[in-house]
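Written below as structure tokens is the structure these notes are about.
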Amino acid sequence: MLHPDRLFPPDPTERAVARRLFRLVESLPIVSPHGHTDPAWFARNEPFPDPANLLIVPDHYIFRMLYSQGLPLESLGVRPLDGSPFETDPREIWRRFAAHYYLFRGTPTRIWTDWVLHSVFDISERLNEESADRIYDRMEEHLAREDFRPRALFERFNIETLATTESPLDDLSHHEAIRRSGWPGRVITAYRPDPVVDPEFEDFAGNVARLGALTGRDTQTWRGYLAAHRERRAYFKSFGATSTDHGHPTARTADLSQGEAEALFRKIMSGDFSAEDAELFRAQMLTEMARMSLDDGLVMQIHPGSFRNHSKRLFARFGRDKGADIPMRTGYVRELKPLLDAFGHEPALTIIVFTLDESTYSRELAPLAGVYPALRLGPAWWFFDSPEGMRRFREQTAETAGFYNTVGFNDDTRAFLSIPARHDVARRMDCAFLARLVADRRLDEDEAAEVAVDLAYNLVKKAYRL
């Protein structure tokens, strides 16, 4: 079911080079520096649930496509906030998915799911309505086995490091349980402060109050609020965190004076603020987080440009992260300038910028990364963590920023079983791109071999200080 030459160039010369390069990186350990997998899986090490609740119900890549074709989210096991009925029979959910699997033709979800079925569950027939029950039964049998528990699969997948993502309000109890267990798998956290830095986040004021209660700081004052962030960052570092992550609507940054920042904070906390005030506060907080990173060494990730929860109806009925986050046009040259003026030349600081606006790769991001020592480019993210998205990322950034101002691959997934599938795709696409450079006589094959290993393994470890 999985062709050994999938994603390799059709040209025989390039394909032969890609094969040789891929053999060098295929079995390298996986470093997954940012994602949204659940640390409870590794803390408890209980059997994964049924196939539907493992692969479909938590994966917005899957249910957004099915919803776009008229399937209610309730029929796919997604729970409404108001407690109204939804499908709870996992086999029925799986059957609906299988009957509509043809919708994923040509998508990365199809590539990842085929890889999981073949490489994890040793299934060699195509998923469709007719095969749905047979495949479900085989998966269910496997999931009951000891060697399919989370820690065993972590080791089987050759994962060296996996980072989850938690809010400053998380007590990190699952990470504490992993540590106490003595299991050697490296599962670390990352600091995602959106609930307490975005004034437009639900219950922002309550979140800031809870931040104060957790730290014993007076978060109703600007100084106390910043001190609480520093304290939580240190707590996250004690559980292995090497990075922060910021999912702001835009890449705008600001560098206000102390007095201006204090006045803005008071206005935000009063609750009487405009959308522009909220945007300015988020902008200032990116600069404050960069300042803290210079002190504590945490790598800073910026994921701007997503119109979160675009569908009011889906958000009201099901809450956040239900597949309705939509890319927006995003600028970086002017937006990042205040932060880069303040800290962009600091070699001790690493700021990794991602984008959902591909038009900025060659025009803005690659030139910026080609100048500022603090700046690195994250690879194609989310909608563009696809074969063509990865190809375009390399084509539009390599000539200006090179390979060594990028950070390898970031799988950014909630679906644990798809992590090795995504890395397989990334490694194949990078080898295909490098093979073209070799065939064009722009790179010797021994150099391409070094770059392939760096992109698959070395760059991500260096960038994330792992």
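Letters for chains follow the order of the structure tokens (A, B, ...), residue numbers begin at 1 for each chain, and ligand numbers begin at 1 in the order shown.
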
Quick one: residues within 7 Å of Arg414 (chain A), only C-alpha atoms, excluding same-chain residues fewer than 3 positions away - as a ChimeraX atom specification? /A:35-37,59

Against region 162-176 of chain A, which residues of region 350-440 of chain A fall within 10 Å? For each one I want the closest pair of atoms and the distance in Å (one decimal), counting only C-alpha atoms, rows by chain and increasing residue number, as JSON lines.
{"residue": "A:Asp412", "atom": "CA", "partner": "A:Thr164", "partner_atom": "CA", "distance": 9.4}
{"residue": "A:Thr413", "atom": "CA", "partner": "A:Thr164", "partner_atom": "CA", "distance": 9.5}
{"residue": "A:Arg414", "atom": "CA", "partner": "A:Thr164", "partner_atom": "CA", "distance": 9.2}
{"residue": "A:Ile419", "atom": "CA", "partner": "A:Leu162", "partner_atom": "CA", "distance": 9.8}

DSSP says strand (DSSP E or B) for which residues of region 150-375 of chain A? Put them as a PyMOL selection string? chain A and resi 159-163+166+187-188+191+243-246+299-302+306-307+326-327+351-353+375

Determine, counting only C-alpha atoms, which protein, DNA and RNA residues have an atom within 10 Å of an atom of Met269 (chain A); residues of the same chain fewer than 2 positions away are not included. Present the result as a list in words.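 The contact residues come out as Pro199, Phe204, Ala205, Val208, Thr219, Gln220, Thr221, Trp222, Leu264, Phe265, Arg266, Lys267, Gly271, Asp272 and Phe273 of chain A.
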
Just the selected residues (N, CA and C atoms), exported as a short mmCIF file (atom, residue, chain, number, x, y, z; two decimals), in the first residue's frame, please.
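Everything below was put into selection27.cif:
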data_model
loop_
_atom_site.label_atom_id
_atom_site.label_comp_id
_atom_site.auth_asym_id
_atom_site.auth_seq_id
_atom_site.Cartn_x
_atom_site.Cartn_y
_atom_site.Cartn_z
N PRO A 199 -5.94 39.73 25.70
CA PRO A 199 -7.11 40.28 26.39
C PRO A 199 -8.44 39.81 25.82
N PHE A 204 -10.25 36.29 30.23
CA PHE A 204 -8.88 36.75 30.39
C PHE A 204 -8.62 37.25 31.82
N ALA A 205 -9.51 38.09 32.34
CA ALA A 205 -9.29 38.64 33.68
C ALA A 205 -9.24 37.54 34.72
N VAL A 208 -5.88 35.78 34.49
CA VAL A 208 -4.80 36.55 35.10
C VAL A 208 -4.87 36.43 36.63
N THR A 219 -0.95 40.08 40.35
CA THR A 219 -1.05 40.22 38.89
C THR A 219 -2.01 41.32 38.48
N GLN A 220 -2.47 42.12 39.44
CA GLN A 220 -3.23 43.31 39.08
C GLN A 220 -2.31 44.50 38.85
N THR A 221 -1.02 44.32 39.09
CA THR A 221 -0.03 45.36 38.77
C THR A 221 0.87 44.85 37.65
N TRP A 222 1.41 45.78 36.87
CA TRP A 222 2.27 45.42 35.73
C TRP A 222 3.50 44.66 36.21
N LEU A 264 -1.15 50.97 29.74
CA LEU A 264 -1.89 50.05 28.88
C LEU A 264 -2.38 48.85 29.69
N PHE A 265 -1.55 48.33 30.57
CA PHE A 265 -1.95 47.18 31.38
C PHE A 265 -3.14 47.54 32.27
N ARG A 266 -3.12 48.71 32.87
CA ARG A 266 -4.25 49.13 33.71
C ARG A 266 -5.53 49.21 32.89
N LYS A 267 -5.42 49.72 31.69
CA LYS A 267 -6.60 49.83 30.83
C LYS A 267 -7.13 48.45 30.47
N GLY A 271 -11.00 46.24 31.84
CA GLY A 271 -12.02 45.66 30.97
C GLY A 271 -12.58 46.62 29.96
N ASP A 272 -12.20 47.88 30.05
CA ASP A 272 -12.70 48.91 29.13
C ASP A 272 -11.60 49.22 28.11
N PHE A 273 -11.48 48.34 27.11
CA PHE A 273 -10.41 48.52 26.12
C PHE A 273 -10.96 48.21 24.73
#

A:Phe154, A:Tyr235, A:Tyr361, A:Phe343 ranked by distance to Val120 (chain A), top pick (using only C-alpha atoms):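 With only C-alpha atoms as the atom set, the closest residue is A:Phe154.
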
Find the spatial neighbours of region 1-18 of chain A, counting only C-alpha atoms, within a cut-off of 12 Å - ignore same-chain residues fewer than 4 positions away - and output them as a ChimeraX atom specification. /A:22-26,106,108,110-119,122-127,386-388,390-391,421,424-441,443-446,448-449,452

For the residues in that selection, give me C-alpha atoms as a PDB file, in the first residue's frame.
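And here is the file that came out, result.pdb:
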ATOM      1  CA  PHE A  22      16.665   9.081   2.307  1.00  0.00           C
ATOM      2  CA  ARG A  23      18.512   5.953   3.392  1.00  0.00           C
ATOM      3  CA  LEU A  24      20.741   8.233   5.496  1.00  0.00           C
ATOM      4  CA  VAL A  25      17.851   9.868   7.362  1.00  0.00           C
ATOM      5  CA  GLU A  26      15.024   7.318   7.329  1.00  0.00           C
ATOM      6  CA  GLY A 106      -4.605  14.236  -2.495  1.00  0.00           C
ATOM      7  CA  PRO A 108      -1.707  15.057   3.683  1.00  0.00           C
ATOM      8  CA  ARG A 110      -4.580  10.599   3.418  1.00  0.00           C
ATOM      9  CA  ILE A 111      -0.791  10.164   3.387  1.00  0.00           C
ATOM     10  CA  TRP A 112      -0.543  10.144   7.189  1.00  0.00           C
ATOM     11  CA  THR A 113      -3.510   7.817   7.717  1.00  0.00           C
ATOM     12  CA  ASP A 114      -2.305   5.338   5.111  1.00  0.00           C
ATOM     13  CA  TRP A 115       1.100   5.332   6.824  1.00  0.00           C
ATOM     14  CA  VAL A 116      -0.478   4.672  10.239  1.00  0.00           C
ATOM     15  CA  LEU A 117      -2.645   1.834   8.940  1.00  0.00           C
ATOM     16  CA  HIS A 118       0.257   0.193   7.090  1.00  0.00           C
ATOM     17  CA  SER A 119       3.255   0.882   9.321  1.00  0.00           C
ATOM     18  CA  ASP A 122       0.256  -3.783   9.384  1.00  0.00           C
ATOM     19  CA  ILE A 123      -2.898  -3.294   7.313  1.00  0.00           C
ATOM     20  CA  SER A 124      -2.453  -3.718   3.570  1.00  0.00           C
ATOM     21  CA  GLU A 125      -5.955  -3.097   2.194  1.00  0.00           C
ATOM     22  CA  ARG A 126      -7.409   0.277   1.300  1.00  0.00           C
ATOM     23  CA  LEU A 127      -9.814   1.837   3.785  1.00  0.00           C
ATOM     24  CA  SER A 386       1.886  18.999   3.215  1.00  0.00           C
ATOM     25  CA  PRO A 387       4.185  17.738   0.453  1.00  0.00           C
ATOM     26  CA  GLU A 388       3.577  20.748  -1.796  1.00  0.00           C
ATOM     27  CA  MET A 390       7.086  21.734   2.189  1.00  0.00           C
ATOM     28  CA  ARG A 391       8.384  21.953  -1.373  1.00  0.00           C
ATOM     29  CA  ALA A 421       4.166   9.665   9.413  1.00  0.00           C
ATOM     30  CA  ASP A 424       8.531  10.503   7.019  1.00  0.00           C
ATOM     31  CA  VAL A 425       6.858  12.963   4.632  1.00  0.00           C
ATOM     32  CA  ALA A 426       9.176  15.816   5.650  1.00  0.00           C
ATOM     33  CA  ARG A 427      12.309  13.726   5.224  1.00  0.00           C
ATOM     34  CA  ARG A 428      11.196  12.467   1.814  1.00  0.00           C
ATOM     35  CA  MET A 429      10.358  15.953   0.585  1.00  0.00           C
ATOM     36  CA  ASP A 430      13.667  17.398   1.804  1.00  0.00           C
ATOM     37  CA  CYS A 431      15.561  14.556   0.111  1.00  0.00           C
ATOM     38  CA  ALA A 432      13.601  15.169  -3.097  1.00  0.00           C
ATOM     39  CA  PHE A 433      14.453  18.883  -2.978  1.00  0.00           C
ATOM     40  CA  LEU A 434      18.131  18.203  -2.323  1.00  0.00           C
ATOM     41  CA  ALA A 435      18.208  15.621  -5.118  1.00  0.00           C
ATOM     42  CA  ARG A 436      17.145  18.323  -7.564  1.00  0.00           C
ATOM     43  CA  LEU A 437      20.006  20.552  -6.420  1.00  0.00           C
ATOM     44  CA  VAL A 438      22.420  17.667  -6.944  1.00  0.00           C
ATOM     45  CA  ALA A 439      21.001  16.904 -10.400  1.00  0.00           C
ATOM     46  CA  ASP A 440      21.258  20.602 -11.315  1.00  0.00           C
ATOM     47  CA  ARG A 441      24.926  20.535 -10.214  1.00  0.00           C
ATOM     48  CA  LEU A 443      25.231  20.868  -4.743  1.00  0.00           C
ATOM     49  CA  ASP A 444      27.560  17.903  -4.523  1.00  0.00           C
ATOM     50  CA  GLU A 445      25.944  14.753  -3.226  1.00  0.00           C
ATOM     51  CA  ASP A 446      28.192  14.546  -0.181  1.00  0.00           C
ATOM     52  CA  ALA A 448      23.432  17.135   0.164  1.00  0.00           C
ATOM     53  CA  ALA A 449      23.905  14.161   2.482  1.00  0.00           C
ATOM     54  CA  ALA A 452      19.676  15.994   4.732  1.00  0.00           C
TER      55      ALA A 452
END

Which polymer residues have any atom within 12 Å of an atom of Met285 (chain A), counting only C-alpha atoms, with same-chain residues fewer than 3 positions away left out, as a PyMOL selection string? chain A and resi 193-194+196-199+222+225-226+229+246-248+251-256+261-262+264-265+278-282+288-292+302+338-339
